[in-house]
Every structure is written in C-alpha cells, then in structure tokens.
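S.K.: Mind looking over this structure? Questions follow.
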Amino acid sequence: MRHDRRLYLILVLIALPFAGAGIDIYAPSLPALTQYFSASAETIKLSVTLYLLGLCFGQVVFGTASDFFGRRPSLILGLVGFVAFSWCITTAIDVHYLIFERLCQGFFMGSVAANSRSIVADIYNKDEIKHVSPYMSACWSIGPIIAPVIGGYLQYYFRWQLSFDVLATYALGLLLFVLYLEETNLLKRDFSLKEVLSTYGTVIRNPQYLGGLLAMAVGYFMLVIYAVILPFVVEYTLGKTAVMYGNVTLLLGASYLLGTLLNRFFQRYISLDMVIKRGMIVCVFSSCVMFLSLLLFPLNMFTLYVPIMLLTMAVGTVFPGCMSKCLSAFPEKAGIASALAGAGFMFFTAFMSTLMSYFHFKTALDLSEIFVVLSVLSLLIRWVFFVRPNREVTLV
C-alpha cells in the first residue's frame with residue numbers, strides 16, 4: 001500500500017458512524033412521518049426494519065465479494081448506490097415507496113459496514129485488533145450521539161427530507177476518500193461458490209465467533225429498540241418536541257461512547273472475557289432498575305433516561321469485545337467474517353423488530369420488560385458459547 005495505514009484507519013473511523021446514522025438521524029421524524037404519509041406508527045416503523053434487513057443482506061453480498069474482488073470496488077459501488085437511493089427517498093410520495101427505498105438504501109450501506117471492519121483486519125494483526133476495536137466502537141457510537149440531535153433540528157426547523165440529503169452528502173465525501181486510497185486486500189483470489197459456502201460453514205461453527213455474533217445481536221437490538229419506541233414515548237406520552245428528543249438522546253450516545261472507552265481501560269487490568277461478563281451483569285442490573293422505577297414512580301424524563309443511560313454504557317462495554325472476538329477468529333477471511341458478523345446481528349435485530357411490531361410495544365414499561373429479558377439472554381449466551389466450551393476443553 002502506498003499510503004500510511006493510519007490513513008486507512010481514519011477512513012474506517014469516519015465510515016463507522018455512517019450505518020447507524022441512517023437510523024438515528026431520522027428517528028426524531030418518525031412521528032411526523034405518520035402524519036406526512038397518513039400511515040400508522042407500525043407501518044412507519046417498518047422503514048427502520050427494512051433498512052436493517054437491507055443492511056443485513058448488503059453486508060453478506062458486499063463483504064463476501066470484497067474477499068474476491070477487493071474492498072475498494074465494493075465500497076465504491078455501495079456508496080454510489082446509497083447516494084442514489086437517499087435522493088430517491090426525498091421524492092417519495094407514498095409510504096410503500098419509502099419502505100422499499102429504505103430497503104435498497106440499507107442494502108448499499110452494507111458495503112460500508114462490512115468493508116470498514118474488513119479493512120481493519122487487512123492492516124492490523126490479531127493483537128492489534130483487540131486494542132483498535134474499542135476505538136472503532138467509540139467512533140461507531142458518534143452516530144447515535146450526533147445524528148438524533150441533527151435530525152431533531154432538521155425536523156423541527158425544516159423538513160424530514162433534509163436528513164436524507166445530509167446522508168447523501170456524507171456518502172459523497174466518503175466516496176472521494178475511497179477513490180484516493182488504494183486496495184487493502186492483497187489476498188484476492190478467483191471467485192468460488194463452493195469455497196464461499198465452505199467458509200460460511202467454518203465461520204459459523206466456531207463457538208467464539210457465534211457467541212460474539214449473538215451477544216452483539218442482543219446488544220444492538222437493545223440500542224435499536226429504544227430508537228424506535230422512545231420518540232413516541234417522549235413526543236406523544238411526555239409531550240416533548242423532536243428537538244428535545246434529539247438533545248436528550250445525545251446523552252445516550254455519550255453513554256455508549258463512555259462504555260467503549262471503559263472497555264479499553266479495563267483491558268489493562270482484567271481479561272477481555274471478564275470485561276464482557278461484567279458489562280453484561282450491569283445490563284441486567286440497569287434493566288431491572290428501569291423496570292422497578294417505572295413500576296413504582298411516575299413516568300418522567302429522569303425515570304426514563306437514567307437507567308437507559310446505564311444500560312447503554314454497559315452495551316458499549318460489551319459490544320467492542322464481542323466484535324474483537326469475531327474479527328480475530330478468522331483474519332485470513334476478514335471479508336466473510338466481517339460480513340457474517342454484521343449481517344448476523346442486523347438480521348436478528350430486523351427479525352425481532354418485525355416481531356415486535358405485531359405485539360404493539362409502545363410504553364416505557366414495555367421497553368423495560370424487553371430490556372430485562374434481553375439482558376438475561378446475553379448472560380446465557382456468554383455461558384453457552386464462552387464459558388461452557390472452555391470447561392469442556394479443560395476436562396479433556
């Protein structure tokens with residue numbers, strides 16, 4: 001590579017907030033979209049679900065292709081497609097067009113999500129990835145920190161379409177950056193469907209990889225679910241504005257960022273596995289506190305947001321550790337490993353979001369119940385995939 005690898009890392013760190021921003025920047029507009037398209041809240045929420053579903057399959061397609069044809073062409077095609085569909089969304093005249101175009105937008109965003117992680121595996125070794133992952137996760141958290149604030153102001157003072165104009169402009173800037181840099185995948189080979197399917201099987205059967213993927217899926221679902229439900233709770237139930245929602249959600253993004261920094265700090269003193277375990281325990285604790293506070297006290301911004309901030313910080317501690325386990329398990333097949341990791345937790349989130357739309361979870365108490373169940377599930381995943389296999393190996 002002609003360029004210093006720090007330049008490639010800058011590209012990755014700039015690109016990482018982008019995928020999440022595709023949800024968070026327009027989350028404050030969800031209630032307004034129900035009025036604009038004369039659609040139900042459940043129908044509008046599908047635009048989030050379909051974006052995630054597109055993001056899921058896009059990562060598999062573009063991430064796999066990048067192992068054979070290179071990261072650069074995969075990124076270029078994905079960014080061009082994302083820009084095109086972002087502008088199409090601004091002219092949508094029917095909610096069904098909006099939902100379909102969000103699906104396509106998410107599909108092309110899959111290129112950015114998968115290749116960002118693959119580039120890191122290309123330029124860093126296994127030990128370096130463990131130390132770089134918290135910084136990657138910290139930059140990823142910038143999307144949830146800044147995007148709702150920007151989206152809230154754009155919705156309140158202008159119109160919801162402007163959020164997608166901002167996303168398109170960001171994508172154009174990334175495209176120019178990618179065009180300047182060279183290819184990082186120096187192990188490109190001829191495409192073989194048999195090899196691809198064999199690699200998929202090898203990756204998925206690895207306990208470390210599968211456990212990390214499932215734990216990330218649970219954590220990411222908790223972040224997405226409050227992005228879908230909270231706008232309605234804050235703007236409808238509590239009577240606050242979209243600007244207020246965006247500003248307060250800034251604290252949640254900051255909490256996630258703090259969690260990623262704590263991940264890096266704690267690794268100086270304890271193992272990565274212990275960091276993950278303690279983060280999951282805090283998830284269970286904060287979820288139970290939220291449930292009890294909403295059960296015993298009146299709903300307000302304090303009882304709603306303080307436990308969620310603690311929960312978000314804990315997820316920020318767990319997520320980069322699990323991603324590090326996935327990426328470091330198969331460094332020689334970084335594109336496929338990254339694609340399946342990203343697609344796996346996105347697919348789980350999209351599936352659960354779709355399922356939830358049928359149960360009409362709308363209240364803050366509903367949200368706390370979901371958090372309790374998911375937090376306990378994350379601890380169970382850790383025991384099944386991280387603890388139990390190690391014990392079996394020790395006995396042998």
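Going through the structure tokens in order, the chains are called A, B, and so on, while each chain numbers its residues from 1 and the ligands are numbered from 1 in the order shown.
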Determine, counting only C-alpha atoms, which protein, DNA and RNA residues have an atom within 9 Å of an atom of Gly143 (chain A); residues of the same chain fewer than 5 positions away are not included. Present the result as a list in words.

M.R.: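 Residues near the query, excluding close chain neighbours: Leu16, Pro17, Phe18, Ala19, Gly20, Ala21, Gly22, Asp24, Ile25, Pro148 and Gly253 of chain A.
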
S.K.: Using only C-alpha atoms, which of the listed residues (A:Met309, A:Val384, A:Ile129, A:Leu167) sits closest to Pro207 (chain A)?

M.R.: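 Using only C-alpha atoms, Pro207 (chain A) sits closest to A:Val384.
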
S.K.: For CA of Gly239 (chain A) and CA of Val166 (chain A), quote the distance in Å rounded to one decimal.

M.R.: 27.3 Å

S.K.: Please report, as a PyMOL selection string, each residue of region 137-372 of chain A to which DSSP assigns alpha helix (DSSP H) when run on this structure's backbone.

M.R.: chain A and resi 137-140+142-157+161-180+193-204+207-232+242-266+272-296+301-329+334-357+364-372

S.K.: List the neighbours of Met313 (chain A) out to 9 Å using only C-alpha atoms; skip same-chain residues closer than 2 positions along the sequence, and give me the result as a PyMOL selection string.

M.R.: chain A and resi 252-260+262+279+282-283+308-311+315-318

S.K.: Suppose we keep C-alpha atoms; can you now write the selection as a PDB file, in the first residue's frame?

M.R.:
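Now in again_10.pdb:
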ATOM      1  CA  LEU A 252     -27.394   8.024  25.385  1.00  0.00           C
ATOM      2  CA  GLY A 253     -24.801   8.304  22.645  1.00  0.00           C
ATOM      3  CA  ALA A 254     -22.353   9.784  25.126  1.00  0.00           C
ATOM      4  CA  SER A 255     -23.072   6.866  27.480  1.00  0.00           C
ATOM      5  CA  TYR A 256     -22.248   4.359  24.745  1.00  0.00           C
ATOM      6  CA  LEU A 257     -19.032   6.238  23.974  1.00  0.00           C
ATOM      7  CA  LEU A 258     -18.075   6.105  27.653  1.00  0.00           C
ATOM      8  CA  GLY A 259     -18.707   2.365  27.642  1.00  0.00           C
ATOM      9  CA  THR A 260     -16.336   1.802  24.722  1.00  0.00           C
ATOM     10  CA  LEU A 262     -14.148   1.804  29.655  1.00  0.00           C
ATOM     11  CA  GLY A 279     -20.705  -5.421  31.188  1.00  0.00           C
ATOM     12  CA  VAL A 282     -24.509  -4.235  34.512  1.00  0.00           C
ATOM     13  CA  CYS A 283     -27.004  -4.662  31.634  1.00  0.00           C
ATOM     14  CA  ILE A 308     -31.235   3.572  29.832  1.00  0.00           C
ATOM     15  CA  MET A 309     -28.021   5.606  30.026  1.00  0.00           C
ATOM     16  CA  LEU A 310     -26.501   2.998  32.358  1.00  0.00           C
ATOM     17  CA  LEU A 311     -27.699   0.195  30.093  1.00  0.00           C
ATOM     18  CA  VAL A 315     -23.691  -2.316  25.960  1.00  0.00           C
ATOM     19  CA  GLY A 316     -20.853  -0.038  24.849  1.00  0.00           C
ATOM     20  CA  THR A 317     -18.511  -2.035  27.087  1.00  0.00           C
ATOM     21  CA  VAL A 318     -19.652  -5.430  25.775  1.00  0.00           C
TER      22      VAL A 318
END

S.K.: So what do you get for CA of Ile119 (chain A) versus CA of Pro320 (chain A), distance-wise?

M.R.: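 CA of Ile119 (chain A) sits 16.2 Å away from CA of Pro320 (chain A).
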
S.K.: Nearest to Tyr226 (chain A): which of A:Phe297, A:Phe107, A:Trp383, A:Tyr245 is it, counting only C-alpha atoms?

M.R.: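 The closest residue to Tyr226 (chain A) is A:Tyr245.
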
S.K.: Hey, which of A:Asn206, A:Thr184, A:Thr241, A:Ser86 ends up closest to Thr169 (chain A)? Count only C-alpha atoms.

M.R.: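 When distances to Thr169 (chain A) are compared using only C-alpha atoms, the smallest one comes from A:Ser86.
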
S.K.: Just give me the gap between CA of Cys104 (chain A) and CA of Leu30 (chain A) in Å, one decimal is fine.

M.R.: 18.9 Å

S.K.: Would you pick out the contacts of Leu367 (chain A) at 12 Å or less, using only C-alpha atoms, so that residues sharing its chain but fewer than 4 positions from it are not included, and give the list as JSON, numbers by chain?

M.R.: {"A": [221, 222, 223, 224, 225, 226, 227, 228, 229, 230, 232, 233, 287, 288, 290, 291, 294, 304, 305, 307, 308, 356, 360, 361, 362, 363, 371, 372, 373, 374]}

S.K.: Keeping C-alpha atoms for every residue in the selection just given, could you write it to a file as a PDB file, in the first residue's frame?

M.R.:
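As a result, part-v7.pdb now contains:
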ATOM      1  CA  PHE A 221     -31.206  -4.821  19.310  1.00  0.00           C
ATOM      2  CA  MET A 222     -31.457  -3.012  22.641  1.00  0.00           C
ATOM      3  CA  LEU A 223     -29.973   0.123  21.047  1.00  0.00           C
ATOM      4  CA  VAL A 224     -32.303  -0.030  18.048  1.00  0.00           C
ATOM      5  CA  ILE A 225     -35.453  -0.808  20.006  1.00  0.00           C
ATOM      6  CA  TYR A 226     -35.259   2.323  22.115  1.00  0.00           C
ATOM      7  CA  ALA A 227     -34.574   4.351  18.944  1.00  0.00           C
ATOM      8  CA  VAL A 228     -37.885   3.046  17.577  1.00  0.00           C
ATOM      9  CA  ILE A 229     -40.033   3.313  20.727  1.00  0.00           C
ATOM     10  CA  LEU A 230     -38.594   6.330  22.585  1.00  0.00           C
ATOM     11  CA  PHE A 232     -43.249   8.090  20.527  1.00  0.00           C
ATOM     12  CA  VAL A 233     -42.890   7.951  24.337  1.00  0.00           C
ATOM     13  CA  SER A 287     -32.727  -3.158  33.129  1.00  0.00           C
ATOM     14  CA  CYS A 288     -34.163  -4.264  36.473  1.00  0.00           C
ATOM     15  CA  MET A 290     -35.582   0.709  34.943  1.00  0.00           C
ATOM     16  CA  PHE A 291     -38.444  -1.769  35.314  1.00  0.00           C
ATOM     17  CA  LEU A 294     -41.241   2.792  36.090  1.00  0.00           C
ATOM     18  CA  LEU A 304     -36.988   7.008  31.706  1.00  0.00           C
ATOM     19  CA  TYR A 305     -33.482   8.026  30.711  1.00  0.00           C
ATOM     20  CA  PRO A 307     -31.460   3.598  33.646  1.00  0.00           C
ATOM     21  CA  ILE A 308     -31.235   3.572  29.832  1.00  0.00           C
ATOM     22  CA  MET A 356     -42.350  -6.620  17.982  1.00  0.00           C
ATOM     23  CA  HIS A 360     -47.611  -3.212  19.729  1.00  0.00           C
ATOM     24  CA  PHE A 361     -44.991  -2.443  22.372  1.00  0.00           C
ATOM     25  CA  LYS A 362     -45.324   1.308  22.860  1.00  0.00           C
ATOM     26  CA  THR A 363     -44.931   2.219  26.538  1.00  0.00           C
ATOM     27  CA  PHE A 371     -34.521  -4.934  28.265  1.00  0.00           C
ATOM     28  CA  VAL A 372     -34.722  -7.319  31.248  1.00  0.00           C
ATOM     29  CA  VAL A 373     -35.334 -10.335  29.010  1.00  0.00           C
ATOM     30  CA  LEU A 374     -32.569  -9.397  26.551  1.00  0.00           C
TER      31      LEU A 374
END

S.K.: Env of Met301 (chain A): 9 Å cut, atoms = only C-alpha atoms, seq-sep filter 6 positions within chain, self excluded. Answer as an NGL selection string.

M.R.: :A and (234 or 238 or 248)

S.K.: So which residues touch Leu53 (chain A) within 12 Å, counting only C-alpha atoms, skipping near sequence neighbours fewer than 3 positions away, as an MDAnalysis selection string?

M.R.: chainID A and resid 46:50 56:60 99:100 102:110 342:354

S.K.: Of the candidates A:Gln35, A:Val149, A:Ile14, A:Arg72, which one gets nearest to Leu250 (chain A) if we count only C-alpha atoms?

M.R.: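 Distance minimum relative to Leu250 (chain A) lands on A:Val149.
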
S.K.: Kindly indicate which residue among A:Ile23, A:Ala84, A:Ala65, A:Val243 lies nearest to Leu154 (chain A), using only C-alpha atoms for the distances.

M.R.: A:Val243

S.K.: Between A:Gly70, A:Gly201, A:Gly321, A:Gly78, which is the closest to Leu172 (chain A) once you count only C-alpha atoms?

M.R.: A:Gly78
